[in-house]
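K.L.:
Supplied structure: run28.txt, compact mmCIF, C-alpha atoms.
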```
# COMPACT_ATOMS: atom_id res chain seq x y z
CA MET Q 1 -13.68 155.52 203.87
CA VAL Q 2 -10.77 155.50 206.30
CA GLU Q 3 -8.14 153.87 204.10
CA PHE Q 4 -6.26 155.59 201.33
CA ASP Q 5 -6.67 154.40 197.78
CA ALA Q 6 -6.92 155.77 194.25
CA THR Q 7 -10.01 157.74 195.28
CA PHE Q 8 -7.54 160.31 196.51
CA PHE Q 9 -6.29 161.04 193.00
CA ALA Q 10 -9.76 160.77 191.55
CA GLN Q 11 -10.92 163.44 193.99
CA ILE Q 12 -8.06 165.77 193.07
CA ILE Q 13 -8.92 165.42 189.40
CA ASN Q 14 -12.57 165.79 190.26
CA PHE Q 15 -11.99 169.06 192.03
CA LEU Q 16 -9.75 170.43 189.31
CA ILE Q 17 -12.38 169.62 186.69
CA LEU Q 18 -15.02 171.34 188.82
CA LEU Q 19 -12.73 174.31 189.23
CA PHE Q 20 -12.16 174.45 185.49
CA ILE Q 21 -15.83 174.18 184.58
CA LEU Q 22 -16.97 176.71 187.16
CA GLY Q 23 -14.14 179.07 186.28
CA LYS Q 24 -14.91 178.87 182.61
CA PHE Q 25 -18.69 178.94 182.61
CA ALA Q 26 -19.74 180.50 185.87
CA TYR Q 27 -17.18 182.88 187.32
CA LYS Q 28 -16.15 184.48 184.09
CA PRO Q 29 -19.59 185.85 183.17
CA LEU Q 30 -20.18 186.79 186.78
CA MET Q 31 -16.84 188.55 187.09
CA LYS Q 32 -17.46 190.28 183.79
CA VAL Q 33 -20.76 191.61 185.04
CA LEU Q 34 -19.19 192.60 188.36
CA ASP Q 35 -16.35 194.40 186.60
CA GLU Q 36 -18.73 196.09 184.19
CA ARG Q 37 -20.88 197.21 187.05
CA ARG Q 38 -17.89 198.47 189.00
CA GLU Q 39 -16.70 200.36 185.95
CA ARG Q 40 -20.13 201.80 185.37
CA VAL Q 41 -20.51 202.85 188.97
CA ALA Q 42 -17.09 204.47 188.82
CA ASN Q 43 -18.06 206.23 185.59
CA ASP Q 44 -21.36 207.36 187.04
CA LEU Q 45 -19.62 208.66 190.12
CA GLU Q 46 -17.11 210.49 187.99
CA THR Q 47 -19.84 211.99 185.85
CA ALA Q 48 -21.77 212.98 188.93
CA GLU Q 49 -18.66 214.62 190.37
CA LYS Q 50 -18.05 216.46 187.13
CA THR Q 51 -21.65 217.60 186.98
CA ARG Q 52 -21.45 218.72 190.56
CA VAL Q 53 -18.33 220.78 189.87
CA GLU Q 54 -19.98 222.28 186.81
CA ALA Q 55 -23.09 223.08 188.79
CA GLU Q 56 -21.02 224.72 191.46
CA ALA Q 57 -19.18 226.80 188.88
CA LEU Q 58 -22.51 227.83 187.36
CA LYS Q 59 -23.85 228.65 190.78
CA ALA Q 60 -20.82 230.78 191.56
CA GLN Q 61 -21.22 232.50 188.20
CA TYR Q 62 -24.89 233.17 188.83
CA SER Q 63 -24.15 234.43 192.31
CA LYS Q 64 -21.58 236.78 190.89
CA GLN Q 65 -23.97 237.96 188.19
CA LEU Q 66 -26.65 238.46 190.78
CA ALA Q 67 -24.29 240.44 192.98
CA ASP Q 68 -23.22 242.51 189.98
CA ALA Q 69 -26.81 243.16 189.02
CA ARG Q 70 -27.66 244.16 192.56
CA GLU Q 71 -24.69 246.48 192.69
CA GLU Q 72 -25.63 247.99 189.36
CA ALA Q 73 -29.21 248.45 190.50
CA ASN Q 74 -27.94 250.12 193.64
CA ALA Q 75 -25.73 252.40 191.58
CA ILE Q 76 -28.67 253.31 189.33
CA LEU Q 77 -30.87 253.98 192.32
CA ASP Q 78 -28.15 256.08 193.89
CA LYS Q 79 -27.72 258.06 190.74
CA ALA Q 80 -31.46 258.60 190.40
CA ASN Q 81 -31.66 259.66 194.01
CA LYS Q 82 -28.84 262.10 193.53
CA ALA Q 83 -30.38 263.48 190.33
CA GLY Q 84 -33.72 263.87 192.09
CA GLN Q 85 -32.09 265.55 195.01
CA LYS Q 86 -30.29 267.90 192.67
CA VAL Q 87 -33.48 268.83 190.82
CA HIS Q 88 -35.16 269.35 194.16
CA ASP Q 89 -32.30 271.51 195.42
CA ASP Q 90 -32.26 273.52 192.18
CA TYR Q 91 -35.96 274.18 192.39
CA MET Q 92 -35.66 275.09 196.03
CA ALA Q 93 -32.79 277.47 195.34
CA GLN Q 94 -34.60 279.03 192.41
CA ALA Q 95 -37.76 279.44 194.46
CA GLN Q 96 -35.79 280.96 197.28
CA ALA Q 97 -34.12 283.37 194.88
CA GLU Q 98 -37.45 284.32 193.34
CA LYS Q 99 -38.95 284.77 196.75
CA ASP Q 100 -36.02 286.98 197.82
CA GLN Q 101 -36.31 288.98 194.63
CA MET Q 102 -40.02 289.43 195.06
CA MET Q 103 -39.55 290.41 198.67
CA THR Q 104 -36.92 292.96 197.74
CA ALA Q 105 -39.10 294.35 194.98
CA ALA Q 106 -42.09 294.52 197.30
CA LYS Q 107 -40.05 296.25 199.98
CA GLN Q 108 -38.74 298.71 197.43
CA THR Q 109 -42.23 299.40 196.17
CA ILE Q 110 -43.47 299.86 199.69
CA ALA Q 111 -40.63 302.22 200.48
CA ASP Q 112 -41.20 304.17 197.26
CA GLU Q 113 -44.92 304.40 197.94
CA LYS Q 114 -44.20 305.50 201.46
CA ASP Q 115 -41.78 308.19 200.29
CA GLN Q 116 -44.24 309.33 197.66
CA ALA Q 117 -47.02 309.48 200.19
CA LEU Q 118 -44.86 311.37 202.63
CA THR Q 119 -43.82 313.85 199.93
CA ASP Q 120 -47.44 314.37 198.96
CA VAL Q 121 -48.56 314.74 202.52
CA ARG Q 122 -45.70 317.16 203.17
CA ALA Q 123 -46.59 319.33 200.20
CA GLN Q 124 -50.23 319.36 201.21
CA VAL Q 125 -49.34 320.03 204.83
CA ILE Q 126 -47.16 322.95 203.77
CA THR Q 127 -49.92 324.39 201.57
CA LEU Q 128 -52.56 323.77 204.21
CA ALA Q 129 -50.46 325.10 207.00
CA THR Q 130 -49.49 328.17 205.01
CA GLU Q 131 -53.08 328.85 204.26
CA ILE Q 132 -54.17 328.31 207.78
CA ALA Q 133 -51.38 330.51 209.00
CA SER Q 134 -52.25 333.21 206.43
CA LYS Q 135 -55.74 333.13 207.56
CA VAL Q 136 -54.64 333.28 211.15
CA VAL Q 137 -52.30 336.19 210.69
CA ASP Q 138 -54.39 337.55 207.86
CA GLN Q 139 -51.55 338.04 205.66
CA LYS Q 140 -49.75 336.16 203.10
CA LEU Q 141 -46.56 334.42 204.02
CA ASN Q 142 -45.16 334.63 200.55
CA SER Q 143 -41.62 335.45 201.24
CA ALA Q 144 -38.96 332.84 201.02
CA ALA Q 145 -38.22 333.22 204.71
CA ASP Q 146 -41.84 332.52 205.49
CA GLN Q 147 -41.92 329.44 203.37
CA GLU Q 148 -38.76 328.25 205.04
CA MET Q 149 -40.16 328.67 208.48
CA VAL Q 150 -43.38 326.91 207.64
CA ALA Q 151 -41.49 324.08 206.05
CA LYS Q 152 -39.39 323.66 209.22
CA THR Q 153 -42.50 323.61 211.36
CA ALA Q 154 -44.18 321.09 209.09
CA ASP Q 155 -41.06 318.84 209.15
CA SER Q 156 -40.79 319.02 212.91
CA VAL Q 157 -44.44 317.94 213.18
CA LEU Q 158 -44.15 315.20 210.62
CA ASN Q 159 -40.93 313.85 212.13
CA LYS Q 160 -42.39 313.58 215.60
CA MET T 1 -17.83 149.65 205.48
CA GLY T 2 -19.64 151.80 208.04
CA THR T 3 -23.29 152.14 208.69
CA ALA T 4 -23.48 155.31 206.70
CA GLU T 5 -22.38 153.52 203.60
CA GLN T 6 -24.78 150.64 204.13
CA ALA T 7 -27.60 153.10 204.27
CA SER T 8 -26.41 154.66 201.05
CA ASN T 9 -26.33 151.28 199.34
CA GLU T 10 -30.06 151.47 199.15
CA ILE T 11 -29.98 153.88 196.23
CA ILE T 12 -26.79 153.12 194.39
CA HIS T 13 -26.69 149.35 194.82
CA TYR T 14 -26.89 148.68 191.07
CA LEU T 15 -23.64 150.49 190.37
CA PRO T 16 -20.25 149.02 191.29
CA MET T 17 -19.14 150.04 194.76
CA GLN T 18 -15.47 149.61 194.01
CA VAL T 19 -13.43 149.53 190.85
CA ASP T 20 -9.78 148.72 190.46
CA PHE T 21 -7.67 151.38 188.86
CA LEU T 22 -4.00 150.75 188.09
CA GLY T 23 -3.85 148.23 190.86
CA MET T 24 -5.54 150.55 193.36
CA THR T 25 -9.07 150.54 194.54
CA VAL T 26 -11.38 153.43 193.78
CA HIS T 27 -14.17 153.89 196.23
CA MET T 28 -17.07 154.57 193.92
CA GLN T 29 -19.63 155.63 196.52
CA THR T 30 -17.47 158.61 197.31
CA LEU T 31 -16.99 159.37 193.66
CA TYR T 32 -20.70 159.18 192.84
CA MET T 33 -21.42 161.56 195.64
CA SER T 34 -18.62 163.84 194.53
CA TRP T 35 -19.98 163.94 191.04
CA LEU T 36 -23.43 164.64 192.38
CA ALA T 37 -22.04 167.46 194.50
CA CYS T 38 -20.14 168.80 191.48
CA ILE T 39 -23.22 168.62 189.28
CA ILE T 40 -25.39 170.36 191.85
CA THR T 41 -22.74 173.05 192.31
CA ILE T 42 -22.33 173.58 188.60
CA VAL T 43 -26.05 173.61 187.85
CA VAL T 44 -26.90 176.01 190.66
CA VAL T 45 -24.02 178.39 190.01
CA TRP T 46 -24.47 178.23 186.27
CA ALA T 47 -28.22 178.79 186.57
CA ILE T 48 -27.57 181.88 188.67
CA THR T 49 -24.67 183.33 186.72
CA SER T 50 -25.54 182.44 183.12
CA GLY T 51 -28.15 185.17 183.02
CA SER T 52 -26.01 187.65 184.89
CA LYS T 53 -27.37 191.09 184.42
CA MET T 54 -26.19 194.56 185.24
CA VAL T 55 -29.15 194.89 187.57
CA PRO T 56 -29.09 191.60 189.49
CA GLY T 57 -32.03 189.49 190.52
CA ARG T 58 -32.30 188.06 194.02
CA ALA T 59 -30.27 184.91 193.39
CA GLN T 60 -27.59 186.78 191.50
CA ALA T 61 -27.42 189.46 194.16
CA ALA T 62 -27.09 186.82 196.89
CA LEU T 63 -24.34 185.01 195.01
CA GLU T 64 -22.55 188.27 194.28
CA MET T 65 -22.82 189.24 197.91
CA PHE T 66 -21.24 185.94 198.90
CA PHE T 67 -18.54 186.36 196.26
CA ASP T 68 -17.81 189.86 197.45
CA ALA T 69 -17.63 188.77 201.09
CA LEU T 70 -15.36 185.80 200.41
CA GLY T 71 -13.36 187.85 197.90
CA GLY T 72 -12.92 190.52 200.58
CA LEU T 73 -11.60 187.92 203.01
CA ILE T 74 -9.20 186.63 200.37
CA GLU T 75 -8.00 190.13 199.55
CA LYS T 76 -7.52 190.96 203.21
CA ASN T 77 -5.33 187.88 203.66
CA MET T 78 -3.41 187.68 200.41
CA GLY T 79 -3.70 191.03 198.72
CA LYS T 80 -5.14 192.13 195.39
CA GLU T 81 -2.92 189.90 193.28
CA GLY T 82 -3.68 186.86 195.40
CA ARG T 83 -7.36 187.57 195.10
CA SER T 84 -7.37 187.88 191.35
CA LYS T 85 -5.45 184.64 190.99
CA MET T 86 -7.03 182.57 193.70
CA GLN T 87 -10.62 183.65 194.14
CA ALA T 88 -11.99 181.13 191.64
CA PHE T 89 -10.20 178.38 193.55
CA PHE T 90 -11.64 179.39 196.90
CA PHE T 91 -15.12 180.04 195.58
CA THR T 92 -15.12 176.56 194.08
CA LEU T 93 -13.66 175.07 197.23
CA PHE T 94 -16.31 176.59 199.43
CA LEU T 95 -19.26 175.88 197.14
CA TYR T 96 -18.15 172.30 196.57
CA LEU T 97 -17.55 171.63 200.25
CA PHE T 98 -20.82 173.30 201.15
CA VAL T 99 -22.82 171.12 198.77
CA ALA T 100 -20.77 168.04 199.63
CA ASN T 101 -21.28 168.49 203.37
CA GLU T 102 -24.97 169.14 203.07
CA ILE T 103 -26.04 166.35 200.74
CA GLY T 104 -25.09 163.79 203.39
CA VAL T 105 -27.52 165.11 205.98
CA PHE T 106 -30.09 167.03 204.06
CA LEU T 107 -32.06 164.26 202.46
CA PRO T 108 -32.66 161.47 205.02
CA SER T 109 -35.67 163.31 206.36
CA ILE T 110 -37.37 162.87 202.98
CA GLY T 111 -36.39 159.22 202.67
CA ILE T 112 -33.27 159.39 200.48
CA HIS T 113 -29.94 158.68 202.03
CA PHE T 114 -26.90 160.09 200.35
CA THR T 115 -23.50 160.29 201.93
CA SER T 116 -21.20 163.24 201.97
CA PRO T 117 -18.13 162.78 199.79
CA THR T 118 -16.30 164.55 202.60
CA ASN T 119 -16.84 161.57 204.91
CA ASP T 120 -14.04 159.86 203.00
CA MET T 121 -10.44 160.45 204.04
CA ASN T 122 -9.42 160.44 200.39
CA THR T 123 -11.62 163.44 199.56
CA VAL T 124 -10.55 165.61 202.44
CA PHE T 125 -6.88 164.76 202.05
CA ALA T 126 -7.11 165.29 198.30
CA LEU T 127 -8.37 168.81 198.97
CA SER T 128 -6.03 169.65 201.82
CA ILE T 129 -2.95 168.38 199.99
CA LEU T 130 -4.11 170.19 196.87
CA VAL T 131 -4.25 173.35 198.97
CA MET T 132 -0.70 172.82 200.20
CA VAL T 133 0.54 172.01 196.68
CA VAL T 134 -1.08 175.21 195.42
CA ALA T 135 0.56 177.10 198.28
CA TYR T 136 3.99 175.73 197.30
CA ILE T 137 3.47 176.33 193.59
CA PHE T 138 2.51 179.96 194.05
CA GLY T 139 5.02 180.45 196.82
CA ILE T 140 7.89 179.33 194.60
CA ALA T 141 6.47 181.16 191.59
CA ASN T 142 6.19 184.42 193.51
CA LYS T 143 9.20 184.28 195.81
CA GLY T 144 11.48 181.65 194.32
CA VAL T 145 13.51 179.56 196.71
CA GLY T 146 13.08 182.34 199.27
CA TYR T 147 9.64 180.92 199.93
CA PHE T 148 11.30 178.17 201.96
CA GLY T 149 12.76 180.86 204.17
CA HIS T 150 9.69 180.63 206.37
CA PHE T 151 11.00 177.26 207.62
CA VAL T 152 13.75 179.04 209.53
CA LYS T 153 11.65 181.90 210.85
CA PRO T 154 11.98 183.43 213.31
CA TYR T 155 15.25 181.57 214.05
CA VAL T 156 17.02 178.60 212.54
CA PRO T 157 16.42 176.33 215.59
CA PHE T 158 12.71 176.56 214.79
CA LEU T 159 13.26 174.42 211.69
CA PRO T 160 11.96 171.13 213.16
CA LEU T 161 8.95 172.87 214.64
CA ASN T 162 8.18 174.53 211.33
CA ILE T 163 8.49 171.23 209.50
CA VAL T 164 6.08 169.60 211.93
CA GLU T 165 3.73 172.53 211.47
CA GLU T 166 3.95 172.30 207.72
CA ILE T 167 3.06 168.61 207.86
CA ALA T 168 0.37 169.12 210.48
CA LYS T 169 -1.40 171.82 208.45
CA PRO T 170 -2.89 169.61 205.74
CA ILE T 171 -3.53 166.78 208.19
CA THR T 172 -5.49 168.91 210.64
CA LEU T 173 -7.23 170.67 207.79
CA ALA T 174 -8.41 167.37 206.37
CA LEU T 175 -9.20 165.54 209.61
CA ARG T 176 -11.22 168.41 211.03
CA LEU T 177 -13.60 168.29 208.10
CA PHE T 178 -13.56 164.51 207.87
CA GLY T 179 -14.30 164.02 211.56
CA ASN T 180 -17.09 166.54 211.68
CA ILE T 181 -18.89 165.19 208.66
CA LEU T 182 -18.41 161.48 209.33
CA ALA T 183 -19.39 161.86 212.98
CA GLY T 184 -22.47 163.80 211.93
CA GLU T 185 -23.58 161.07 209.55
CA ILE T 186 -22.85 158.18 211.86
CA LEU T 187 -24.68 159.86 214.71
CA LEU T 188 -27.58 160.59 212.37
CA ILE T 189 -27.91 156.88 211.51
CA VAL T 190 -27.59 155.89 215.15
CA LEU T 191 -30.26 158.40 216.09
CA TYR T 192 -32.56 157.05 213.37
CA LYS T 193 -32.15 153.60 214.86
CA LEU T 194 -32.75 154.84 218.41
CA CYS T 195 -35.68 157.10 217.72
CA PRO T 196 -36.91 157.62 214.17
CA TRP T 197 -38.85 160.79 214.90
CA VAL T 198 -38.02 164.40 215.78
CA ILE T 199 -34.61 163.85 217.37
CA PRO T 200 -32.79 162.97 214.10
CA ASP T 201 -34.42 166.00 212.50
CA ILE T 202 -32.95 168.23 215.17
CA TRP T 203 -29.61 166.62 214.52
CA VAL T 204 -30.09 167.20 210.78
CA LEU T 205 -30.57 170.90 211.47
CA PHE T 206 -27.42 170.97 213.53
CA SER T 207 -25.52 169.01 210.88
CA LEU T 208 -26.61 171.46 208.23
CA PHE T 209 -25.14 174.21 210.36
CA VAL T 210 -21.97 172.17 210.92
CA GLY T 211 -21.72 171.58 207.16
CA VAL T 212 -21.75 175.33 206.40
CA LEU T 213 -19.38 176.04 209.25
CA GLN T 214 -16.88 173.35 208.29
CA ALA T 215 -16.96 174.37 204.63
CA PHE T 216 -16.19 177.92 205.71
CA VAL T 217 -13.52 176.83 208.19
CA PHE T 218 -11.80 174.70 205.58
CA THR T 219 -11.90 177.54 203.04
CA MET T 220 -10.72 180.12 205.55
CA LEU T 221 -7.81 177.97 206.74
CA SER T 222 -6.88 177.23 203.12
CA ILE T 223 -6.78 180.98 202.47
CA ILE T 224 -4.55 181.44 205.50
CA ASN T 225 -2.29 178.57 204.40
CA ILE T 226 -1.89 179.93 200.88
CA ALA T 227 -1.63 183.58 201.91
CA PRO T 228 2.14 183.49 202.68
CA SER T 229 2.72 182.56 199.03
CA PHE T 230 1.46 186.00 198.01
CA VAL T 231 2.24 188.34 200.88
CA ASN T 232 4.94 188.66 203.49
CA ASN T 233 3.52 187.74 206.84
CA HIS T 234 6.85 187.38 208.56
```
What is this structure when it is put down as structure tokens?
P.N.:
Amino acid sequence: MVEFDATFFAQIINFLILLFILGKFAYKPLMKVLDERRERVANDLETAEKTRVEAEALKAQYSKQLADAREEANAILDKANKAGQKVHDDYMAQAQAEKDQMMTAAKQTIADEKDQALTDVRAQVITLATEIASKVVDQKLNSAADQEMVAKTADSVLNK
Amino acid sequence: MGTAEQASNEIIHYLPMQVDFLGMTVHMQTLYMSWLACIITIVVVWAITSGSKMVPGRAQAALEMFFDALGGLIEKNMGKEGRSKMQAFFFTLFLYLFVANEIGVFLPSIGIHFTSPTNDMNTVFALSILVMVVAYIFGIANKGVGYFGHFVKPYVPFLPLNIVEEIAKPITLALRLFGNILAGEILLIVLYKLCPWVIPDIWVLFSLFVGVLQAFVFTMLSIINIAPSFVNNH
């Protein structure tokens, strides 16, 4: 126990045999599994990273497509709005023009009617006045000078 | 010899206690216990690792955790190359010492009295000198004669001190383990004689702890002693 003898060498050999047996039959399979697992984890991580990058690229692509689509939709809406506005404006302008035309025509008609009426009234006033005057003075005012005078009188009355 | 051995005679009395080998005595009690420790180590480790799977069970996970932890310590001290070359050595060293330390104190409480192979100077010196030999072999293999340069570091006058240190390393390494284990066993027997109940069991618990601790200390110091063979610490 406390003196040196051949046990010393026996123990060295002992330990080396143990080391050999354990190394051969225990550590090797264990290390193999550990290495395989490490490799697999590394592979999985790599795959995951790759997938993540792909997903991000896809996401970016989708975002871009979405933005494009939105832009396009906006453009279409814009265009439709503008077209609608234009139709509206056209109709408004046309209606305005028609209205103006109708107003002008109506005014013209009114003016014509008024002139016609005035002419009629004037002729009748002249005839009536001449007759009344003839009756009053008991004579006919047939001469041109008479007619002229009456017409002047009638105008001055009508223009009052 | 000591009381510890007398107690152990109870179970191995029918086998020779000593044999002569090339004119030298071989202390068979130590060897029987060593073989027992080796067999237990091999059986347990083999049982756990033979069915190693990608998805580990509890035992495999525990062993792998231990391997990873000890492997990490080795790598921290002696680098990747040192780890790949030496981890089997240190795993074996720790597992063997662990089993060897524990079989001496674990069983008395159930009526069997084994001794630790590490209570024999020959065992501990065999291991500590093996560690130093391994350190020199790898040191010379990795650095050539330059490995001996650490004897004159930091200055040449330190040569005697470094030589003393180099001799003291295996001696302290061995005696620390030897003293702890032998003292634990002797005290255990004394305690059994003084008071057969409770108190020895408490001491057994403490000895179990000491056994783990000393196995780890021996392994850790071996790593530190071999590390300069692989990396430049100076």
K.L.:
Considering all atoms listed in the file, can you say which of T:Ile74, T:Met121, T:Ile40, T:Met86 comes closest to chain Q?
P.N.:
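Looking at the shortest contact to chain Q, the residue is T:Met121.
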K.L.:
Chain Q residues within 10 Å of chain T, counting only C-alpha atoms: which ones, as a ChimeraX atom specification?
P.N.:
/Q:1-38,40
K.L.:
What is the atom CA of T:Phe209-atom CA of T:Val99 distance in Å, reported with one decimal?
P.N.:
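Atom-to-atom, atom CA of T:Phe209 to atom CA of T:Val99, that is 12.2 Å.
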K.L.:
Quick one: pull the distance between atom CA of Q:Ala60 and atom CA of Q:Ala48, Å, one decimal.
P.N.:
18.0 Å
K.L.:
Taking all atoms listed in the file into account, name the residue in T:Val131, T:Leu208, T:Ala183, T:Ile189 that is nearest to T:Ala100.
P.N.:
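Smallest distance to T:Ala100 is found for T:Leu208.
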K.L.:
So the first atom is atom CA of T:Ala168 and the second is atom CA of T:Gly211; what is the distance between them in Å, to one decimal place?
P.N.:
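So the answer is 22.5 Å.
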K.L.:
In terms of the shortest atom-to-atom distance over all atoms listed in the file, which of Q:Ala154, Q:Lys79, Q:Asp44, Q:Asp68 is closest to Q:Gln124?
P.N.:
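Using all atoms listed in the file, Q:Gln124 sits closest to Q:Ala154.
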K.L.:
Excluding T:Ile140 and residues on its chain fewer than 3 positions from it, collect all residues at most 12 Å away from it, counting all atoms listed in the file, and give them as a list in words.
P.N.:
Val133, Val134, Ala135, Tyr136, Ile137, Lys143, Gly144, Val145, Gly146, Tyr147, Phe148, Gly149, His150, Ile226, Pro228, Ser229 and Phe230 of chain T
K.L.:
With C-alpha atoms retained, write the just-selected residues as a tab-separated table (two decimals), in the coordinates of the input.
P.N.:
```tsv
chain	number	residue	atom	x	y	z
T	133	VAL	CA	0.54	172.01	196.68
T	134	VAL	CA	-1.08	175.21	195.42
T	135	ALA	CA	0.56	177.10	198.28
T	136	TYR	CA	3.99	175.73	197.30
T	137	ILE	CA	3.47	176.33	193.59
T	143	LYS	CA	9.20	184.28	195.81
T	144	GLY	CA	11.48	181.65	194.32
T	145	VAL	CA	13.51	179.56	196.71
T	146	GLY	CA	13.08	182.34	199.27
T	147	TYR	CA	9.64	180.92	199.93
T	148	PHE	CA	11.30	178.17	201.96
T	149	GLY	CA	12.76	180.86	204.17
T	150	HIS	CA	9.69	180.63	206.37
T	226	ILE	CA	-1.89	179.93	200.88
T	228	PRO	CA	2.14	183.49	202.68
T	229	SER	CA	2.72	182.56	199.03
T	230	PHE	CA	1.46	186.00	198.01
```
